[in-house]
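Chemist: Next comes the structure file upload-v5.pdb, holding PDB, C-alpha atoms and all ligand atoms.
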```
ATOM      1  CA  MET A   1      51.653  14.343  -7.488
ATOM      2  CA  SER A   2      49.082  11.559  -7.635
ATOM      3  CA  ILE A   3      48.589   9.586  -4.404
ATOM      4  CA  ILE A   4      47.295   5.998  -4.198
ATOM      5  CA  THR A   5      46.193   4.833  -0.731
ATOM      6  CA  ILE A   6      45.800   1.186   0.249
ATOM      7  CA  SER A   7      43.806   0.262   3.352
ATOM      8  CA  GLY A   8      44.437  -3.018   5.204
ATOM      9  CA  ALA A   9      48.045  -2.879   4.006
ATOM     10  CA  ASN A  10      49.281  -5.002   6.906
ATOM     11  CA  GLY A  11      46.994  -7.834   5.812
ATOM     12  CA  HIS A  12      47.904 -10.558   3.318
ATOM     13  CA  LEU A  13      46.154  -9.006   0.327
ATOM     14  CA  GLY A  14      47.165  -5.425   1.165
ATOM     15  CA  ARG A  15      50.838  -6.394   1.398
ATOM     16  CA  LEU A  16      50.657  -8.071  -2.004
ATOM     17  CA  VAL A  17      48.945  -5.044  -3.579
ATOM     18  CA  VAL A  18      51.689  -2.706  -2.297
ATOM     19  CA  GLN A  19      54.327  -5.135  -3.608
ATOM     20  CA  GLN A  20      52.612  -5.249  -7.020
ATOM     21  CA  LEU A  21      52.353  -1.453  -7.220
ATOM     22  CA  LEU A  22      56.080  -1.069  -6.468
ATOM     23  CA  GLN A  23      56.931  -3.797  -9.013
ATOM     24  CA  LYS A  24      54.883  -1.934 -11.613
ATOM     25  CA  GLY A  25      57.029   1.160 -11.080
ATOM     26  CA  VAL A  26      54.823   3.245  -8.776
ATOM     27  CA  LYS A  27      57.182   5.430  -6.738
ATOM     28  CA  PRO A  28      57.001   5.037  -2.934
ATOM     29  CA  ALA A  29      56.373   8.796  -2.764
ATOM     30  CA  ASN A  30      53.105   8.212  -4.639
ATOM     31  CA  LEU A  31      51.998   5.489  -2.238
ATOM     32  CA  ARG A  32      50.253   5.683   1.094
ATOM     33  CA  VAL A  33      48.971   2.953   3.380
ATOM     34  CA  SER A  34      46.213   3.196   5.957
ATOM     35  CA  VAL A  35      46.791   0.658   8.738
ATOM     36  CA  ARG A  36      45.575   0.181  12.295
ATOM     37  CA  ASP A  37      49.041  -0.453  13.709
ATOM     38  CA  VAL A  38      51.659   1.790  12.094
ATOM     39  CA  SER A  39      54.522  -0.028  13.861
ATOM     40  CA  LYS A  40      53.721  -3.147  11.799
ATOM     41  CA  ALA A  41      54.286  -1.114   8.620
ATOM     42  CA  ALA A  42      57.753   0.176   9.611
ATOM     43  CA  ASP A  43      59.291  -1.653   6.634
ATOM     44  CA  LEU A  44      56.955   0.207   4.260
ATOM     45  CA  ARG A  45      57.845   3.541   5.880
ATOM     46  CA  ALA A  46      61.544   2.678   5.471
ATOM     47  CA  LYS A  47      60.874   2.332   1.721
ATOM     48  CA  GLY A  48      59.516   5.898   1.637
ATOM     49  CA  ILE A  49      55.804   5.028   1.692
ATOM     50  CA  ASP A  50      53.567   7.345   3.725
ATOM     51  CA  VAL A  51      52.206   5.214   6.583
ATOM     52  CA  ARG A  52      49.064   6.582   8.254
ATOM     53  CA  HIS A  53      46.926   5.335  11.102
ATOM     54  CA  GLY A  54      43.454   4.419   9.847
ATOM     55  CA  ASP A  55      40.826   2.398  11.666
ATOM     56  CA  PHE A  56      37.435   1.864   9.989
ATOM     57  CA  ASP A  57      35.852   1.952  13.457
ATOM     58  CA  ASP A  58      37.147   5.532  13.841
ATOM     59  CA  PHE A  59      35.818   7.780  11.060
ATOM     60  CA  THR A  60      38.172  10.695  11.783
ATOM     61  CA  SER A  61      41.256   8.486  11.534
ATOM     62  CA  ILE A  62      40.366   7.213   8.070
ATOM     63  CA  ARG A  63      39.215  10.600   6.796
ATOM     64  CA  ASP A  64      42.667  11.916   7.776
ATOM     65  CA  ALA A  65      44.421   8.858   6.348
ATOM     66  CA  PHE A  66      42.606   9.289   3.005
ATOM     67  CA  ALA A  67      42.985  13.120   2.834
ATOM     68  CA  GLY A  68      44.803  14.210  -0.315
ATOM     69  CA  SER A  69      44.548  10.760  -1.943
ATOM     70  CA  ASP A  70      43.543  10.547  -5.595
ATOM     71  CA  SER A  71      42.751   6.830  -5.502
ATOM     72  CA  VAL A  72      41.888   4.628  -2.539
ATOM     73  CA  LEU A  73      41.671   0.843  -2.365
ATOM     74  CA  ILE A  74      39.287  -0.224   0.389
ATOM     75  CA  ILE A  75      40.154  -3.792   1.317
ATOM     76  CA  SER A  76      37.147  -5.360   3.033
ATOM     77  CA  THR A  77      37.914  -6.022   6.688
ATOM     78  CA  ASP A  78      37.837  -9.419   8.347
ATOM     79  CA  LYS A  79      35.300  -8.355  10.994
ATOM     80  CA  VAL A  80      32.325 -10.251   9.581
ATOM     81  CA  GLY A  81      29.170  -8.857  11.173
ATOM     82  CA  SER A  82      30.597  -5.348  11.671
ATOM     83  CA  ARG A  83      31.600  -4.661   8.105
ATOM     84  CA  ILE A  84      28.618  -2.623   6.933
ATOM     85  CA  GLU A  85      29.293   0.086   9.502
ATOM     86  CA  GLN A  86      33.071  -0.119   9.009
ATOM     87  CA  HIS A  87      32.904   0.019   5.216
ATOM     88  CA  LEU A  88      30.329   2.819   5.192
ATOM     89  CA  HIS A  89      32.710   4.819   7.378
ATOM     90  CA  ALA A  90      35.420   4.234   4.788
ATOM     91  CA  VAL A  91      33.197   5.294   1.880
ATOM     92  CA  GLN A  92      32.068   8.422   3.738
ATOM     93  CA  ALA A  93      35.703   9.184   4.618
ATOM     94  CA  ALA A  94      36.699   8.871   0.959
ATOM     95  CA  LYS A  95      33.894  11.262   0.005
ATOM     96  CA  ALA A  96      34.873  13.746   2.733
ATOM     97  CA  ALA A  97      38.524  13.514   1.675
ATOM     98  CA  GLY A  98      37.707  14.276  -1.978
ATOM     99  CA  VAL A  99      38.983  10.936  -3.324
ATOM    100  CA  LYS A 100      38.548  10.703  -7.104
ATOM    101  CA  HIS A 101      38.662   6.905  -7.615
ATOM    102  CA  LEU A 102      37.457   4.347  -5.091
ATOM    103  CA  VAL A 103      38.329   0.677  -5.569
ATOM    104  CA  TYR A 104      36.704  -1.974  -3.355
ATOM    105  CA  THR A 105      37.373  -5.685  -2.856
ATOM    106  CA  SER A 106      33.907  -7.244  -2.891
ATOM    107  CA  LEU A 107      32.718 -10.850  -3.236
ATOM    108  CA  VAL A 108      32.153 -12.646  -6.520
ATOM    109  CA  LYS A 109      28.628 -12.459  -7.894
ATOM    110  CA  ALA A 110      27.944 -15.483  -5.885
ATOM    111  CA  VAL A 111      26.021 -12.925  -3.934
ATOM    112  CA  ILE A 112      23.336 -15.113  -5.449
ATOM    113  CA  ASN A 113      23.479 -18.920  -5.218
ATOM    114  CA  GLN A 114      23.730 -20.100  -8.824
ATOM    115  CA  GLN A 115      21.362 -23.007  -8.134
ATOM    116  CA  THR A 116      18.771 -21.850  -5.609
ATOM    117  CA  GLY A 117      18.837 -18.078  -6.063
ATOM    118  CA  ALA A 118      19.613 -17.662  -2.336
ATOM    119  CA  GLU A 119      22.038 -15.025  -1.169
ATOM    120  CA  ALA A 120      25.491 -16.100   0.049
ATOM    121  CA  PRO A 121      25.965 -15.731   3.815
ATOM    122  CA  LEU A 122      28.768 -13.193   3.364
ATOM    123  CA  ALA A 123      27.068 -11.282   0.578
ATOM    124  CA  GLU A 124      24.953  -8.778   2.469
ATOM    125  CA  GLU A 125      27.858  -6.743   3.822
ATOM    126  CA  HIS A 126      29.487  -6.507   0.401
ATOM    127  CA  ARG A 127      26.193  -5.631  -1.303
ATOM    128  CA  ALA A 128      25.547  -2.828   1.214
ATOM    129  CA  THR A 129      29.075  -1.493   0.699
ATOM    130  CA  GLU A 130      28.731  -1.572  -3.084
ATOM    131  CA  LYS A 131      25.421   0.336  -2.799
ATOM    132  CA  ALA A 132      27.053   3.033  -0.650
ATOM    133  CA  ILE A 133      29.879   3.337  -3.179
ATOM    134  CA  PHE A 134      27.464   3.657  -6.123
ATOM    135  CA  GLU A 135      25.477   6.299  -4.221
ATOM    136  CA  SER A 136      28.614   8.247  -3.202
ATOM    137  CA  GLY A 137      29.062   9.603  -6.714
ATOM    138  CA  ILE A 138      32.801   8.819  -6.568
ATOM    139  CA  MET A 139      34.207   7.037  -9.633
ATOM    140  CA  TYR A 140      34.459   3.397  -8.580
ATOM    141  CA  THR A 141      35.866   0.029  -9.541
ATOM    142  CA  ILE A 142      34.342  -2.977  -7.797
ATOM    143  CA  LEU A 143      36.596  -6.029  -7.654
ATOM    144  CA  ARG A 144      34.298  -8.941  -6.886
ATOM    145  CA  ASN A 145      36.903 -11.479  -5.843
ATOM    146  CA  SER A 146      36.091 -15.176  -5.764
ATOM    147  CA  PHE A 147      37.521 -17.133  -2.813
ATOM    148  CA  TYR A 148      41.301 -17.333  -2.468
ATOM    149  CA  ALA A 149      42.351 -20.634  -4.042
ATOM    150  CA  GLU A 150      45.009 -20.939  -1.289
ATOM    151  CA  ILE A 151      42.227 -21.756   1.175
ATOM    152  CA  LEU A 152      41.653 -25.025  -0.700
ATOM    153  CA  ILE A 153      45.180 -25.662  -1.992
ATOM    154  CA  GLY A 154      46.925 -25.301   1.401
ATOM    155  CA  PRO A 155      45.129 -28.263   3.036
ATOM    156  CA  ALA A 156      45.668 -30.428  -0.075
ATOM    157  CA  VAL A 157      49.438 -29.776   0.116
ATOM    158  CA  GLN A 158      49.467 -30.428   3.873
ATOM    159  CA  ALA A 159      47.727 -33.766   3.222
ATOM    160  CA  LEU A 160      50.936 -35.027   1.562
ATOM    161  CA  ALA A 161      52.197 -35.695   5.101
ATOM    162  CA  SER A 162      49.538 -38.389   5.646
ATOM    163  CA  GLY A 163      49.138 -39.301   1.972
ATOM    164  CA  VAL A 164      45.333 -38.928   2.203
ATOM    165  CA  TYR A 165      43.239 -35.894   1.267
ATOM    166  CA  MET A 166      39.598 -35.867   2.306
ATOM    167  CA  SER A 167      37.085 -33.377   0.968
ATOM    168  CA  SER A 168      33.298 -32.997   1.003
ATOM    169  CA  ILE A 169      33.286 -30.538  -1.915
ATOM    170  CA  GLY A 170      33.091 -33.269  -4.569
ATOM    171  CA  ASN A 171      33.234 -32.228  -8.217
ATOM    172  CA  THR A 172      31.744 -28.741  -7.724
ATOM    173  CA  PRO A 173      33.240 -26.424 -10.348
ATOM    174  CA  LEU A 174      35.465 -23.757  -8.745
ATOM    175  CA  GLY A 175      36.411 -20.307 -10.056
ATOM    176  CA  CYS A 176      38.793 -19.445  -7.200
ATOM    177  CA  ALA A 177      42.028 -17.713  -8.213
ATOM    178  CA  ALA A 178      45.323 -17.067  -6.431
ATOM    179  CA  ARG A 179      45.451 -14.155  -3.981
ATOM    180  CA  VAL A 180      48.428 -12.734  -5.880
ATOM    181  CA  ASP A 181      46.296 -12.514  -9.034
ATOM    182  CA  TYR A 182      43.603 -10.517  -7.193
ATOM    183  CA  ALA A 183      46.404  -8.277  -5.848
ATOM    184  CA  GLU A 184      47.886  -7.679  -9.285
ATOM    185  CA  ALA A 185      44.425  -6.903 -10.683
ATOM    186  CA  ALA A 186      43.908  -4.332  -7.917
ATOM    187  CA  ALA A 187      47.294  -2.747  -8.663
ATOM    188  CA  LEU A 188      46.430  -2.564 -12.363
ATOM    189  CA  VAL A 189      42.992  -0.966 -11.947
ATOM    190  CA  LEU A 190      44.588   1.603  -9.624
ATOM    191  CA  THR A 191      47.237   2.559 -12.180
ATOM    192  CA  GLN A 192      45.690   2.045 -15.620
ATOM    193  CA  PRO A 193      43.022   4.173 -17.287
ATOM    194  CA  GLY A 194      39.693   2.675 -18.351
ATOM    195  CA  HIS A 195      38.529   0.975 -15.155
ATOM    196  CA  GLY A 196      36.239   3.762 -13.926
ATOM    197  CA  ASN A 197      32.672   2.782 -12.953
ATOM    198  CA  LYS A 198      33.234  -0.893 -13.714
ATOM    199  CA  VAL A 199      32.201  -3.982 -11.741
ATOM    200  CA  TYR A 200      34.481  -6.959 -12.341
ATOM    201  CA  GLU A 201      33.857 -10.606 -11.464
ATOM    202  CA  LEU A 202      37.355 -11.817 -10.628
ATOM    203  CA  THR A 203      37.603 -15.581 -11.062
ATOM    204  CA  THR A 204      39.609 -18.087 -13.035
ATOM    205  CA  PRO A 205      38.396 -18.081 -16.660
ATOM    206  CA  LYS A 206      37.897 -21.859 -16.562
ATOM    207  CA  ALA A 207      36.526 -23.866 -13.655
ATOM    208  CA  TRP A 208      38.639 -26.430 -11.805
ATOM    209  CA  THR A 209      37.715 -29.171  -9.343
ATOM    210  CA  ILE A 210      39.086 -30.777  -6.180
ATOM    211  CA  PRO A 211      40.100 -34.019  -7.998
ATOM    212  CA  GLU A 212      42.082 -31.836 -10.458
ATOM    213  CA  LEU A 213      43.722 -30.085  -7.507
ATOM    214  CA  VAL A 214      44.717 -33.440  -6.001
ATOM    215  CA  GLN A 215      46.231 -34.459  -9.345
ATOM    216  CA  ALA A 216      48.168 -31.149  -9.465
ATOM    217  CA  VAL A 217      49.570 -31.847  -5.977
ATOM    218  CA  ARG A 218      50.653 -35.353  -7.102
ATOM    219  CA  ASN A 219      52.230 -33.943 -10.291
ATOM    220  CA  VAL A 220      54.181 -31.179  -8.575
ATOM    221  CA  SER A 221      55.279 -33.160  -5.506
ATOM    222  CA  GLY A 222      55.926 -36.450  -7.305
ATOM    223  CA  LYS A 223      54.382 -38.119  -4.254
ATOM    224  CA  PRO A 224      51.260 -40.272  -3.898
ATOM    225  CA  LEU A 225      48.140 -38.576  -2.571
ATOM    226  CA  ASN A 226      45.012 -40.613  -2.046
ATOM    227  CA  TYR A 227      41.776 -38.655  -2.596
ATOM    228  CA  ARG A 228      38.699 -39.540  -0.560
ATOM    229  CA  GLN A 229      35.359 -37.875  -1.175
ATOM    230  CA  VAL A 230      33.630 -37.867   2.206
ATOM    231  CA  SER A 231      30.614 -36.354   3.977
ATOM    232  CA  ASP A 232      30.596 -33.183   6.100
ATOM    233  CA  ALA A 233      30.152 -35.435   9.171
ATOM    234  CA  ASP A 234      33.395 -37.265   8.285
ATOM    235  CA  ILE A 235      35.193 -33.904   7.942
ATOM    236  CA  ILE A 236      33.920 -32.797  11.358
ATOM    237  CA  SER A 237      35.089 -36.062  12.958
ATOM    238  CA  ALA A 238      38.549 -35.766  11.351
ATOM    239  CA  LEU A 239      38.934 -32.106  12.356
ATOM    240  CA  ARG A 240      37.768 -32.780  15.916
ATOM    241  CA  ALA A 241      40.192 -35.722  16.167
ATOM    242  CA  GLY A 242      42.967 -33.358  15.017
ATOM    243  CA  GLY A 243      42.188 -30.924  17.852
ATOM    244  CA  ALA A 244      39.898 -28.402  16.087
ATOM    245  CA  SER A 245      37.101 -26.898  18.157
ATOM    246  CA  GLU A 246      33.435 -27.622  17.406
ATOM    247  CA  LEU A 247      33.064 -24.056  16.062
ATOM    248  CA  GLU A 248      36.122 -24.333  13.775
ATOM    249  CA  SER A 249      34.874 -27.686  12.445
ATOM    250  CA  GLN A 250      31.374 -26.318  11.817
ATOM    251  CA  MET A 251      32.841 -23.274  10.049
ATOM    252  CA  ALA A 252      34.942 -25.503   7.790
ATOM    253  CA  VAL A 253      31.968 -27.583   6.676
ATOM    254  CA  GLY A 254      29.845 -24.425   6.413
ATOM    255  CA  MET A 255      32.334 -23.160   3.849
ATOM    256  CA  ASN A 256      32.156 -26.480   2.003
ATOM    257  CA  GLN A 257      28.349 -26.215   1.890
ATOM    258  CA  THR A 258      28.638 -22.672   0.500
ATOM    259  CA  ILE A 259      31.036 -23.962  -2.150
ATOM    260  CA  ARG A 260      28.801 -26.946  -3.021
ATOM    261  CA  ASP A 261      25.888 -24.507  -3.409
ATOM    262  CA  GLY A 262      27.804 -23.005  -6.325
ATOM    263  CA  MET A 263      28.717 -19.736  -4.623
ATOM    264  CA  VAL A 264      32.221 -19.774  -6.117
ATOM    265  CA  SER A 265      31.441 -21.713  -9.282
ATOM    266  CA  LEU A 266      31.149 -18.618 -11.442
ATOM    267  CA  THR A 267      33.861 -18.178 -14.058
ATOM    268  CA  ALA A 268      34.389 -14.998 -16.055
ATOM    269  CA  PRO A 269      37.063 -13.575 -18.375
ATOM    270  CA  ASP A 270      37.514 -10.337 -16.345
ATOM    271  CA  LEU A 271      40.549 -11.330 -14.275
ATOM    272  CA  GLU A 272      42.681 -12.532 -17.188
ATOM    273  CA  LYS A 273      41.614  -9.531 -19.260
ATOM    274  CA  ILE A 274      42.798  -7.136 -16.541
ATOM    275  CA  LEU A 275      46.016  -9.088 -15.906
ATOM    276  CA  GLY A 276      46.856  -9.389 -19.596
ATOM    277  CA  HIS A 277      48.351 -12.829 -18.926
ATOM    278  CA  PRO A 278      47.040 -16.241 -17.793
ATOM    279  CA  VAL A 279      45.999 -16.580 -14.152
ATOM    280  CA  THR A 280      48.406 -18.474 -11.872
ATOM    281  CA  SER A 281      47.858 -22.180 -12.557
ATOM    282  CA  LEU A 282      47.028 -24.780  -9.907
ATOM    283  CA  GLU A 283      50.488 -26.328 -10.412
ATOM    284  CA  GLU A 284      52.219 -22.953  -9.893
ATOM    285  CA  GLN A 285      50.200 -22.325  -6.746
ATOM    286  CA  VAL A 286      50.925 -25.807  -5.384
ATOM    287  CA  GLY A 287      54.646 -25.224  -6.097
ATOM    288  CA  SER A 288      54.690 -21.882  -4.222
ATOM    289  CA  ILE A 289      52.781 -23.305  -1.256
ATOM    290  CA  MET A 290      55.151 -26.311  -1.095
ATOM    291  CA  LYS A 291      58.156 -23.951  -0.989
ATOM    292  CA  THR A 292      56.788 -22.100   2.034
ATOM    293  CA  ALA A 293      55.336 -25.168   3.837
TER     294      ALA A 293
HETATM  295  N1  LIG B   1      38.142 -14.031  -1.149
HETATM  296  C1  LIG B   1      38.430 -14.806  -0.107
HETATM  297  O1  LIG B   1      38.574 -16.041  -0.182
HETATM  298  C2  LIG B   1      38.634 -14.189   1.198
HETATM  299  C3  LIG B   1      39.063 -14.969   2.247
HETATM  300  C4  LIG B   1      39.296 -14.363   3.445
HETATM  301  C5  LIG B   1      39.070 -13.008   3.553
HETATM  302  N2  LIG B   1      38.621 -12.288   2.505
HETATM  303  C6  LIG B   1      38.363 -10.843   2.583
HETATM  304  O2  LIG B   1      39.477 -10.191   1.980
HETATM  305  C7  LIG B   1      40.080  -9.307   2.928
HETATM  306  C8  LIG B   1      41.561  -9.258   2.730
HETATM  307  O3  LIG B   1      42.066 -10.560   2.802
HETATM  308  P1  LIG B   1      43.433 -10.834   3.550
HETATM  309  O4  LIG B   1      43.844 -12.187   3.153
HETATM  310  O5  LIG B   1      44.352  -9.699   3.368
HETATM  311  O6  LIG B   1      42.921 -10.868   5.053
HETATM  312  P2  LIG B   1      43.756 -10.545   6.378
HETATM  313  O7  LIG B   1      45.204 -10.805   6.165
HETATM  314  O8  LIG B   1      43.055 -11.250   7.479
HETATM  315  O9  LIG B   1      43.580  -8.999   6.538
HETATM  316  C9  LIG B   1      42.415  -8.452   7.062
HETATM  317  C10 LIG B   1      42.580  -6.968   6.984
HETATM  318  O10 LIG B   1      41.416  -6.340   7.541
HETATM  319  C11 LIG B   1      41.880  -5.176   8.168
HETATM  320  N3  LIG B   1      40.984  -4.669   9.180
HETATM  321  C12 LIG B   1      40.340  -5.344  10.154
HETATM  322  N4  LIG B   1      39.650  -4.492  10.925
HETATM  323  C13 LIG B   1      39.883  -3.240  10.446
HETATM  324  C14 LIG B   1      39.477  -1.953  10.833
HETATM  325  N5  LIG B   1      38.691  -1.750  11.902
HETATM  326  N6  LIG B   1      39.905  -0.897  10.121
HETATM  327  C15 LIG B   1      40.732  -1.066   9.053
HETATM  328  N7  LIG B   1      41.155  -2.270   8.635
HETATM  329  C16 LIG B   1      40.740  -3.355   9.327
HETATM  330  C17 LIG B   1      43.159  -5.611   8.847
HETATM  331  O11 LIG B   1      43.874  -4.459   9.122
HETATM  332  P3  LIG B   1      45.164  -4.466  10.036
HETATM  333  O12 LIG B   1      46.266  -4.888   9.116
HETATM  334  O13 LIG B   1      45.275  -3.075  10.481
HETATM  335  O14 LIG B   1      44.933  -5.480  11.141
HETATM  336  C18 LIG B   1      43.793  -6.481   7.789
HETATM  337  O15 LIG B   1      44.636  -5.747   6.951
HETATM  338  C19 LIG B   1      39.638  -9.861   4.280
HETATM  339  O16 LIG B   1      39.666  -8.843   5.264
HETATM  340  C20 LIG B   1      38.232 -10.346   3.996
HETATM  341  O17 LIG B   1      37.303  -9.279   3.976
HETATM  342  C21 LIG B   1      38.412 -12.834   1.342
END
```
What would you get if you wrote out this structure as structure tokens?
Modeler:
Amino acid sequence: MSIITISGANGHLGRLVVQQLLQKGVKPANLRVSVRDVSKAADLRAKGIDVRHGDFDDFTSIRDAFAGSDSVLIISTDKVGSRIEQHLHAVQAAKAAGVKHLVYTSLVKAVINQQTGAEAPLAEEHRATEKAIFESGIMYTILRNSFYAEILIGPAVQALASGVYMSSIGNTPLGCAARVDYAEAAALVLTQPGHGNKVYELTTPKAWTIPELVQAVRNVSGKPLNYRQVSDADIISALRAGGASELESQMAVGMNQTIRDGMVSLTAPDLEKILGHPVTSLEEQVGSIMKTA
């Protein structure tokens, strides 16, 4: 019996991947999740999925969680700064456990700034993980995800409350896709043949922009939304006035700078090719976010 193991299955992406695998007909008996807190995955256990404790800071726990798995999806952790050590533990655990196919959620090729040639701030940890995977000798699939479009769409939908959306991103082309599309792509590469030893750039096939997003929010909501292109300093002032800390405000504009540098401007056909259908449109994403807001 073939076993697929998903790490980080209590996180947003991990949950969606498990959901996609079940929807695609994978039997719960063929699924395992590796999570830090097994009590948070009680619903998955109730479905018949094997829930194991696995912490990337504890090599033995993940080696045991991965043991007997045919395929493992390593979802990059959110502990920026500690991820090289954590991810290398996971790769070594997969090797020790005899895993045959290792899938990893990396960062879109924006590892290199499209304009200046500089490396993206988050790139180093992903690059080091990819290198360890290539050197492990295990068959791999690297899913280089662009940013989650939700990160940009959520605030635009929230801005309907005030009727004004401010952004310092301007007209930078964006290749960010919906998290659910990255999740479905992961489920497909884990269950279909032909994805061995491939590196995919997962982005929308066509770039979109913030003004187009604002128009999508107006179209779907039927409400007015005024768009103001502003400076990073204006964003910091607005966030600080809304109660955000200095650090949170600086991080928000730091992300905008990264985006303006072209780090998520890459577009490629890979995601739609894997999905076999169009990526989730801006309008569809706005509609889903409005339903849950
Ligand atoms: N492409 C993007 O725009 C974007 C944006 C944000 C993040 N990301 C990356 O994509 C990943 C998944 O996104 P998400 O939305 O699912 O994030 P999330 O909901 O914050 O989930 C983060 C996951 O990291 C796991 N994790 C943290 N420390 C760990 C450890 N020591 N050992 C094992 N697992 C650990 C967490 O496991 P537990 O469930 O056990 O806590 C959790 O499942 C993030 O972790 C981050 O690397 C990408």
Chemist: What separation in Å, quoted to one decimal, exists between atom CA of A:Val220 and atom CA of A:Met290?
Modeler: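 We find that atom CA of A:Val220 and atom CA of A:Met290 lie 9.0 Å from each other.
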Chemist: Which residues, written as a ChimeraX atom specification, have at least one atom at most 9 Å from A:Gly170, with all atoms listed in the file counted and residues fewer than 5 positions away on the same chain left out?
Modeler: /A:209-211,229-230,260
Chemist: If we count all atoms listed in the file, what is near A:Gln92 at a cut-off of 9 Å, once residues fewer than 3 positions away on the same chain are taken out, given as a PyMOL selection string?
Modeler: chain A and resi 59+63+87-89+95-97+132-133+136
Chemist: Just want the residues within 9 Å of ligand LIG 1 (chain B), written as number ranges by chain, counting all atoms listed in the file.
Modeler: A: 7-16, 34-38, 40-41, 53-58, 62, 74-80, 82-83, 86-87, 90, 105-108, 144-151, 176-177, 179, 182
Chemist: Spell out the residues picked by the PyMOL selection byres (((chain A and resi 234-243) around 12) and not hetatm) here, as a PyMOL selection string.
Modeler: chain A and resi 155+164-169+228-233+244-257
Chemist: Which residues would end up in the selection if the PyMOL selection byres (((chain A and resi 1) around 10) and not hetatm) were applied here, given that I need the answer as number ranges by chain?
Modeler: A: 2-4, 29-30, 68-70
Chemist: How would the residues just chosen look if you wrote them out with C-alpha atoms as a PDB file, keeping the file's coordinate frame?
Modeler:
```pdb
ATOM      1  CA  SER A   2      49.082  11.559  -7.635  1.00  0.00           C
ATOM      2  CA  ILE A   3      48.589   9.586  -4.404  1.00  0.00           C
ATOM      3  CA  ILE A   4      47.295   5.998  -4.198  1.00  0.00           C
ATOM      4  CA  ALA A  29      56.373   8.796  -2.764  1.00  0.00           C
ATOM      5  CA  ASN A  30      53.105   8.212  -4.639  1.00  0.00           C
ATOM      6  CA  GLY A  68      44.803  14.210  -0.315  1.00  0.00           C
ATOM      7  CA  SER A  69      44.548  10.760  -1.943  1.00  0.00           C
ATOM      8  CA  ASP A  70      43.543  10.547  -5.595  1.00  0.00           C
TER       9      ASP A  70
END
```
Chemist: Rounded to one decimal in Å, what is the spacing between atom CA of A:Gly25 and atom CA of A:Asp270?
Modeler: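 Answer for the atom CA of A:Gly25 to atom CA of A:Asp270 separation: 23.3 Å.
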Chemist: In Å, rounded to a single decimal, give me how far atom CA of A:Leu282 is from atom CA of A:Gln158.
Modeler: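 Atom CA of A:Leu282 lies at a distance of 15.1 Å from atom CA of A:Gln158.
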Chemist: Can you turn the PyMOL selection byres (((chain A and resi 279) around 12) and not hetatm) into a concrete residue list for this file, as a ChimeraX atom specification?
Modeler: /A:149,175-185,202-207,268-278,280-285
Chemist: If you count all atoms listed in the file, which residues fall within 12 Å of A:Thr292, apart from same-chain ones fewer than 4 positions away, as a ChimeraX atom specification?
Modeler: /A:154,157-158,285-288
Chemist: Any chance you could export the current selection's C-alpha atoms as a PDB file, in the coordinates of the input?
Modeler:
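That gives us out_23.pdb:
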```pdb
ATOM      1  CA  GLY A 154      46.925 -25.301   1.401  1.00  0.00           C
ATOM      2  CA  VAL A 157      49.438 -29.776   0.116  1.00  0.00           C
ATOM      3  CA  GLN A 158      49.467 -30.428   3.873  1.00  0.00           C
ATOM      4  CA  GLN A 285      50.200 -22.325  -6.746  1.00  0.00           C
ATOM      5  CA  VAL A 286      50.925 -25.807  -5.384  1.00  0.00           C
ATOM      6  CA  GLY A 287      54.646 -25.224  -6.097  1.00  0.00           C
ATOM      7  CA  SER A 288      54.690 -21.882  -4.222  1.00  0.00           C
TER       8      SER A 288
END
```
Chemist: Rank A:Ala67, A:Val99, A:Ala186, A:Ala159 by their smallest atom-to-atom distance to A:Val17, using only C-alpha atoms, and report the top residue only.
Modeler: A:Ala186
Chemist: Measuring between all atoms listed in the file, which one of A:Ala156, A:Val33, A:Val91, A:Val18 shows the shortest distance to A:Phe134?
Modeler: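 Between A:Ala156, A:Val33, A:Val91, A:Val18, the residue approaching A:Phe134 most closely is A:Val91.
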Chemist: Closest to A:Ile142 among A:Leu188, A:Leu174, A:Val199, A:Ala161, using only C-alpha atoms?
Modeler: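 Smallest separation from A:Ile142 among the options: A:Val199.
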Chemist: Find the residues around A:Leu31 up to 8 Å (only C-alpha atoms counted), leave out those fewer than 5 positions away in its own chain, and share them as a CSV table (one decimal) with C-alpha atoms, in the frame of the given file.
Modeler:
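The new file around39.csv reads:
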```csv
chain,number,residue,atom,x,y,z
A,3,ILE,CA,48.6,9.6,-4.4
A,4,ILE,CA,47.3,6.0,-4.2
A,5,THR,CA,46.2,4.8,-0.7
A,6,ILE,CA,45.8,1.2,0.2
A,26,VAL,CA,54.8,3.2,-8.8
A,49,ILE,CA,55.8,5.0,1.7
A,50,ASP,CA,53.6,7.3,3.7
```
Chemist: Which one of A:Asn171, A:Val214, A:Pro224, A:Tyr140 sits closest to A:Lys198 if you count all atoms listed in the file?
Modeler: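 So, comparing all the options, the nearest one is A:Tyr140.
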